[in-house]
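J.: Pasting structure-v1.cif below, which is mmCIF, C-alpha atoms, pLDDT in the B column; chains and numbers go by the auth columns.
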```cif
data_target
loop_
_atom_site.group_PDB
_atom_site.id
_atom_site.type_symbol
_atom_site.label_atom_id
_atom_site.label_comp_id
_atom_site.label_asym_id
_atom_site.label_seq_id
_atom_site.Cartn_x
_atom_site.Cartn_y
_atom_site.Cartn_z
_atom_site.B_iso_or_equiv
_atom_site.auth_seq_id
_atom_site.auth_asym_id
ATOM 1 C CA MET A 1 6.138 -52.640 -89.202 52.00 1 A
ATOM 2 C CA ASN A 2 6.358 -51.971 -85.490 66.00 2 A
ATOM 3 C CA GLU A 3 3.728 -54.416 -84.261 68.00 3 A
ATOM 4 C CA ILE A 4 3.913 -58.179 -83.870 74.00 4 A
ATOM 5 C CA LYS A 5 0.587 -59.961 -83.340 75.00 5 A
ATOM 6 C CA PHE A 6 0.284 -62.740 -80.759 80.00 6 A
ATOM 7 C CA TYR A 7 -2.633 -65.163 -81.046 79.00 7 A
ATOM 8 C CA ASP A 8 -4.663 -67.015 -78.425 87.00 8 A
ATOM 9 C CA LEU A 9 -3.704 -64.694 -75.586 91.00 9 A
ATOM 10 C CA LYS A 10 -5.636 -64.724 -72.357 93.00 10 A
ATOM 11 C CA LYS A 11 -7.069 -61.461 -71.053 94.00 11 A
ATOM 12 C CA GLU A 12 -4.674 -61.726 -68.106 95.00 12 A
ATOM 13 C CA GLU A 13 -1.652 -61.849 -70.440 95.00 13 A
ATOM 14 C CA LYS A 14 -2.839 -58.750 -72.293 95.00 14 A
ATOM 15 C CA THR A 15 -3.369 -56.929 -69.000 96.00 15 A
ATOM 16 C CA PHE A 16 0.094 -57.779 -67.685 96.00 16 A
ATOM 17 C CA GLY A 17 1.624 -56.845 -71.041 96.00 17 A
ATOM 18 C CA MET A 18 -0.128 -53.485 -70.854 97.00 18 A
ATOM 19 C CA LEU A 19 1.049 -52.993 -67.265 96.00 19 A
ATOM 20 C CA CYS A 20 4.652 -53.581 -68.344 96.00 20 A
ATOM 21 C CA HIS A 21 4.337 -50.389 -70.362 97.00 21 A
ATOM 22 C CA LEU A 22 2.071 -48.344 -68.082 96.00 22 A
ATOM 23 C CA LEU A 23 4.171 -48.922 -64.971 96.00 23 A
ATOM 24 C CA SER A 24 6.791 -46.628 -66.462 95.00 24 A
ATOM 25 C CA PHE A 25 4.512 -43.781 -65.296 95.00 25 A
ATOM 26 C CA VAL A 26 5.337 -44.688 -61.676 92.00 26 A
ATOM 27 C CA CYS A 27 8.033 -42.010 -61.885 87.00 27 A
ATOM 28 C CA PHE A 28 5.265 -39.394 -61.712 86.00 28 A
ATOM 29 C CA LEU A 29 4.511 -40.596 -58.180 88.00 29 A
ATOM 30 C CA GLY A 30 7.908 -39.352 -57.059 87.00 30 A
ATOM 31 C CA ILE A 31 9.676 -42.714 -57.038 88.00 31 A
ATOM 32 C CA PRO A 32 13.268 -42.237 -58.215 87.00 32 A
ATOM 33 C CA PHE A 33 13.923 -44.261 -61.372 91.00 33 A
ATOM 34 C CA GLY A 34 10.299 -45.424 -61.196 91.00 34 A
ATOM 35 C CA HIS A 35 10.163 -45.464 -64.979 93.00 35 A
ATOM 36 C CA LEU A 36 12.688 -48.314 -64.854 95.00 36 A
ATOM 37 C CA VAL A 37 11.677 -49.991 -61.604 94.00 37 A
ATOM 38 C CA GLY A 38 7.972 -50.399 -62.475 94.00 38 A
ATOM 39 C CA PRO A 39 8.431 -52.292 -65.759 96.00 39 A
ATOM 40 C CA LEU A 40 11.411 -54.202 -64.349 96.00 40 A
ATOM 41 C CA VAL A 41 9.447 -55.540 -61.381 95.00 41 A
ATOM 42 C CA MET A 42 6.508 -56.568 -63.582 95.00 42 A
ATOM 43 C CA TRP A 43 8.832 -58.241 -66.077 96.00 43 A
ATOM 44 C CA VAL A 44 10.790 -60.152 -63.421 96.00 44 A
ATOM 45 C CA VAL A 45 7.610 -61.377 -61.722 95.00 45 A
ATOM 46 C CA LYS A 46 5.706 -62.395 -64.872 94.00 46 A
ATOM 47 C CA LYS A 47 8.319 -63.189 -67.554 93.00 47 A
ATOM 48 C CA ASP A 48 8.137 -66.952 -67.020 95.00 48 A
ATOM 49 C CA THR A 49 4.340 -67.122 -67.206 93.00 49 A
ATOM 50 C CA SER A 50 3.888 -65.759 -70.732 92.00 50 A
ATOM 51 C CA GLU A 51 6.013 -65.210 -73.824 94.00 51 A
ATOM 52 C CA PHE A 52 3.941 -62.097 -74.580 95.00 52 A
ATOM 53 C CA VAL A 53 4.518 -60.538 -71.155 95.00 53 A
ATOM 54 C CA ASP A 54 8.212 -61.393 -71.433 96.00 54 A
ATOM 55 C CA ALA A 55 8.443 -59.617 -74.798 95.00 55 A
ATOM 56 C CA CYS A 56 6.456 -56.584 -73.567 96.00 56 A
ATOM 57 C CA GLY A 57 8.619 -56.300 -70.460 96.00 57 A
ATOM 58 C CA LYS A 58 11.877 -56.449 -72.388 97.00 58 A
ATOM 59 C CA GLU A 59 10.623 -53.914 -74.902 97.00 59 A
ATOM 60 C CA SER A 60 9.477 -51.523 -72.176 97.00 60 A
ATOM 61 C CA ILE A 61 12.696 -51.799 -70.181 97.00 61 A
ATOM 62 C CA ASN A 62 14.845 -51.289 -73.287 97.00 62 A
ATOM 63 C CA PHE A 63 12.844 -48.199 -74.213 97.00 63 A
ATOM 64 C CA GLN A 64 13.036 -46.715 -70.715 97.00 64 A
ATOM 65 C CA ILE A 65 16.804 -47.271 -70.537 97.00 65 A
ATOM 66 C CA SER A 66 17.172 -45.648 -73.969 97.00 66 A
ATOM 67 C CA MET A 67 15.034 -42.659 -72.927 96.00 67 A
ATOM 68 C CA THR A 68 17.135 -42.254 -69.768 96.00 68 A
ATOM 69 C CA ILE A 69 20.284 -42.123 -71.883 97.00 69 A
ATOM 70 C CA TYR A 70 18.708 -39.565 -74.235 96.00 70 A
ATOM 71 C CA VAL A 71 17.622 -37.363 -71.320 95.00 71 A
ATOM 72 C CA LEU A 72 21.124 -37.510 -69.808 96.00 72 A
ATOM 73 C CA VAL A 73 22.582 -36.428 -73.164 95.00 73 A
ATOM 74 C CA CYS A 74 20.150 -33.489 -73.282 95.00 74 A
ATOM 75 C CA PHE A 75 21.241 -32.024 -69.924 94.00 75 A
ATOM 76 C CA PRO A 76 24.690 -30.791 -71.014 95.00 76 A
ATOM 77 C CA LEU A 77 23.132 -29.498 -74.231 95.00 77 A
ATOM 78 C CA CYS A 78 20.905 -27.235 -72.135 93.00 78 A
ATOM 79 C CA LEU A 79 23.964 -25.013 -71.686 93.00 79 A
ATOM 80 C CA ILE A 80 23.658 -24.058 -75.353 92.00 80 A
ATOM 81 C CA LEU A 81 19.826 -23.915 -75.180 92.00 81 A
ATOM 82 C CA VAL A 82 19.214 -26.628 -77.793 94.00 82 A
ATOM 83 C CA GLY A 83 19.019 -29.164 -74.973 93.00 83 A
ATOM 84 C CA TYR A 84 15.733 -27.699 -73.732 96.00 84 A
ATOM 85 C CA PHE A 85 14.057 -28.343 -77.071 96.00 85 A
ATOM 86 C CA LEU A 86 15.548 -31.815 -77.320 96.00 86 A
ATOM 87 C CA LEU A 87 14.495 -32.607 -73.754 96.00 87 A
ATOM 88 C CA LEU A 88 10.934 -31.548 -74.514 96.00 88 A
ATOM 89 C CA ALA A 89 10.933 -33.652 -77.687 97.00 89 A
ATOM 90 C CA VAL A 90 12.274 -36.717 -75.851 96.00 90 A
ATOM 91 C CA CYS A 91 9.615 -36.384 -73.147 94.00 91 A
ATOM 92 C CA ILE A 92 6.772 -36.001 -75.645 97.00 92 A
ATOM 93 C CA ILE A 93 7.988 -38.927 -77.749 96.00 93 A
ATOM 94 C CA GLY A 94 8.353 -41.049 -74.616 95.00 94 A
ATOM 95 C CA LEU A 95 4.832 -40.252 -73.446 96.00 95 A
ATOM 96 C CA ILE A 96 3.233 -40.923 -76.832 97.00 96 A
ATOM 97 C CA CYS A 97 5.143 -44.164 -77.380 97.00 97 A
ATOM 98 C CA VAL A 98 4.271 -45.585 -73.952 97.00 98 A
ATOM 99 C CA ILE A 99 0.581 -44.844 -74.464 97.00 99 A
ATOM 100 C CA LYS A 100 0.640 -46.376 -77.954 97.00 100 A
ATOM 101 C CA ALA A 101 2.499 -49.463 -76.695 97.00 101 A
ATOM 102 C CA SER A 102 -0.004 -49.893 -73.851 97.00 102 A
ATOM 103 C CA ILE A 103 -2.943 -49.775 -76.245 97.00 103 A
ATOM 104 C CA LYS A 104 -1.280 -52.269 -78.602 96.00 104 A
ATOM 105 C CA ALA A 105 -0.482 -54.629 -75.704 96.00 105 A
ATOM 106 C CA ASN A 106 -4.108 -54.529 -74.608 95.00 106 A
ATOM 107 C CA GLU A 107 -5.017 -55.561 -78.172 93.00 107 A
ATOM 108 C CA GLY A 108 -2.572 -58.474 -78.012 93.00 108 A
ATOM 109 C CA GLU A 109 0.136 -56.908 -80.185 94.00 109 A
ATOM 110 C CA LEU A 110 3.773 -56.386 -79.310 94.00 110 A
ATOM 111 C CA TYR A 111 4.731 -52.801 -80.085 95.00 111 A
ATOM 112 C CA ARG A 112 8.342 -52.218 -81.100 95.00 112 A
ATOM 113 C CA TYR A 113 9.375 -48.821 -79.770 96.00 113 A
ATOM 114 C CA PRO A 114 11.232 -46.481 -82.134 94.00 114 A
ATOM 115 C CA PHE A 115 14.607 -45.029 -81.121 92.00 115 A
ATOM 116 C CA THR A 116 15.276 -47.987 -78.822 95.00 116 A
ATOM 117 C CA ILE A 117 18.652 -49.478 -78.059 95.00 117 A
ATOM 118 C CA ARG A 118 18.107 -53.214 -77.557 94.00 118 A
ATOM 119 C CA PHE A 119 19.869 -54.201 -74.321 93.00 119 A
ATOM 120 C CA LEU A 120 17.750 -57.254 -73.411 88.00 120 A
#
```
How does this structure look as structure tokens?
T.:
Amino acid sequence: MNEIKFYDLKKEEKTFGMLCHLLSFVCFLGIPFGHLVGPLVMWVVKKDTSEFVDACGKESINFQISMTIYVLVCFPLCLILVGYFLLLAVCIIGLICVIKASIKANEGELYRYPFTIRFL
């Protein structure tokens, strides 16, 4: 099971947990490494206020670091064309997982991302 349910969460905690995941889309605003910086800033600011936000932040950062590694591995593979397909797959999986994690966080559940290397 990929979800862990937290009980008695305030609406604010759910919102900040959701933002830990959604801020990874900051990269689409043209901010270099925004997919890492957004969740990292939210996690650093709010990790001491809630166990749920701390867990969501760590999970989001771990996933974004893992996705960065997977994308970097895909680039050399583009020379033999398979990298393009893998890169597309990584991007689609990343998008779907972040949206799913954001929805779960808003429901008060901690979503455990698949394919994640646990650094934190």
J.: Which residues match the PyMOL selection byres ((chain A and resi 53) around 8) in the file above, as an NGL selection string?
T.: :A and (13-14 or 16-17 or 20 or 43 or 46-47 or 49-52 or 54-57)
J.: Mind checking which residues fall within 8 Å of His21 of chain A, counting only C-alpha atoms, ignoring those fewer than 5 positions away in the same chain, and posting them as a short mmCIF file (atom, residue, chain, number, x, y, z; two decimals) with C-alpha atoms, in the frame of the given file?
T.:
```cif
data_model
loop_
_atom_site.label_atom_id
_atom_site.label_comp_id
_atom_site.auth_asym_id
_atom_site.auth_seq_id
_atom_site.Cartn_x
_atom_site.Cartn_y
_atom_site.Cartn_z
CA PRO A 39 8.43 -52.29 -65.76
CA CYS A 56 6.46 -56.58 -73.57
CA GLY A 57 8.62 -56.30 -70.46
CA SER A 60 9.48 -51.52 -72.18
CA VAL A 98 4.27 -45.58 -73.95
CA ILE A 99 0.58 -44.84 -74.46
CA ALA A 101 2.50 -49.46 -76.69
CA SER A 102 0.00 -49.89 -73.85
#
```
J.: Translate the PyMOL selection byres ((chain A and resi 66) around 10) into a concrete residue list for this structure, as a list in words.
T.: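 That selection, the PyMOL selection byres ((chain A and resi 66) around 10), comes back as Ser60, Ile61, Asn62, Phe63, Gln64, Ile65, Met67, Thr68, Ile69, Tyr70, Val71, Leu72, Gly94, Phe115, Thr116, Ile117, Arg118 and Phe119 of chain A.
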J.: Could the residues in this selection be saved with C-alpha atoms as a tab-separated table (two decimals), in the coordinates of the input?
T.:
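New file again-v9.tsv:
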```
chain	number	residue	atom	x	y	z
A	60	SER	CA	9.48	-51.52	-72.18
A	61	ILE	CA	12.70	-51.80	-70.18
A	62	ASN	CA	14.84	-51.29	-73.29
A	63	PHE	CA	12.84	-48.20	-74.21
A	64	GLN	CA	13.04	-46.72	-70.72
A	65	ILE	CA	16.80	-47.27	-70.54
A	67	MET	CA	15.03	-42.66	-72.93
A	68	THR	CA	17.14	-42.25	-69.77
A	69	ILE	CA	20.28	-42.12	-71.88
A	70	TYR	CA	18.71	-39.56	-74.24
A	71	VAL	CA	17.62	-37.36	-71.32
A	72	LEU	CA	21.12	-37.51	-69.81
A	94	GLY	CA	8.35	-41.05	-74.62
A	115	PHE	CA	14.61	-45.03	-81.12
A	116	THR	CA	15.28	-47.99	-78.82
A	117	ILE	CA	18.65	-49.48	-78.06
A	118	ARG	CA	18.11	-53.21	-77.56
A	119	PHE	CA	19.87	-54.20	-74.32
```
J.: If I take atom CA of Pro114 of chain A and atom CA of Phe28 of chain A, how far is one from the other in Å, to one decimal?
T.: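 A separation of 22.4 Å between them.
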J.: Distance atom CA of Glu109 of chain A-atom CA of His35 of chain A, one decimal place?
T.: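 Taking atom CA of Glu109 of chain A as the start and atom CA of His35 of chain A as the end point, the length is 21.5 Å.
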J.: Using all atoms listed in the file, find the one residue out of A:Leu77, A:Glu107, A:Arg112, A:Ile96 that sits nearest to Leu9 of chain A.
T.: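 Closest residue, counting all atoms listed in the file: A:Glu107.
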J.: For Asp8 of chain A, which of A:Val82, A:Gly108, A:Val45, A:Leu23 is the closest residue, counting all atoms listed in the file?
T.: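 Result for the nearest residue to Asp8 of chain A: A:Gly108.
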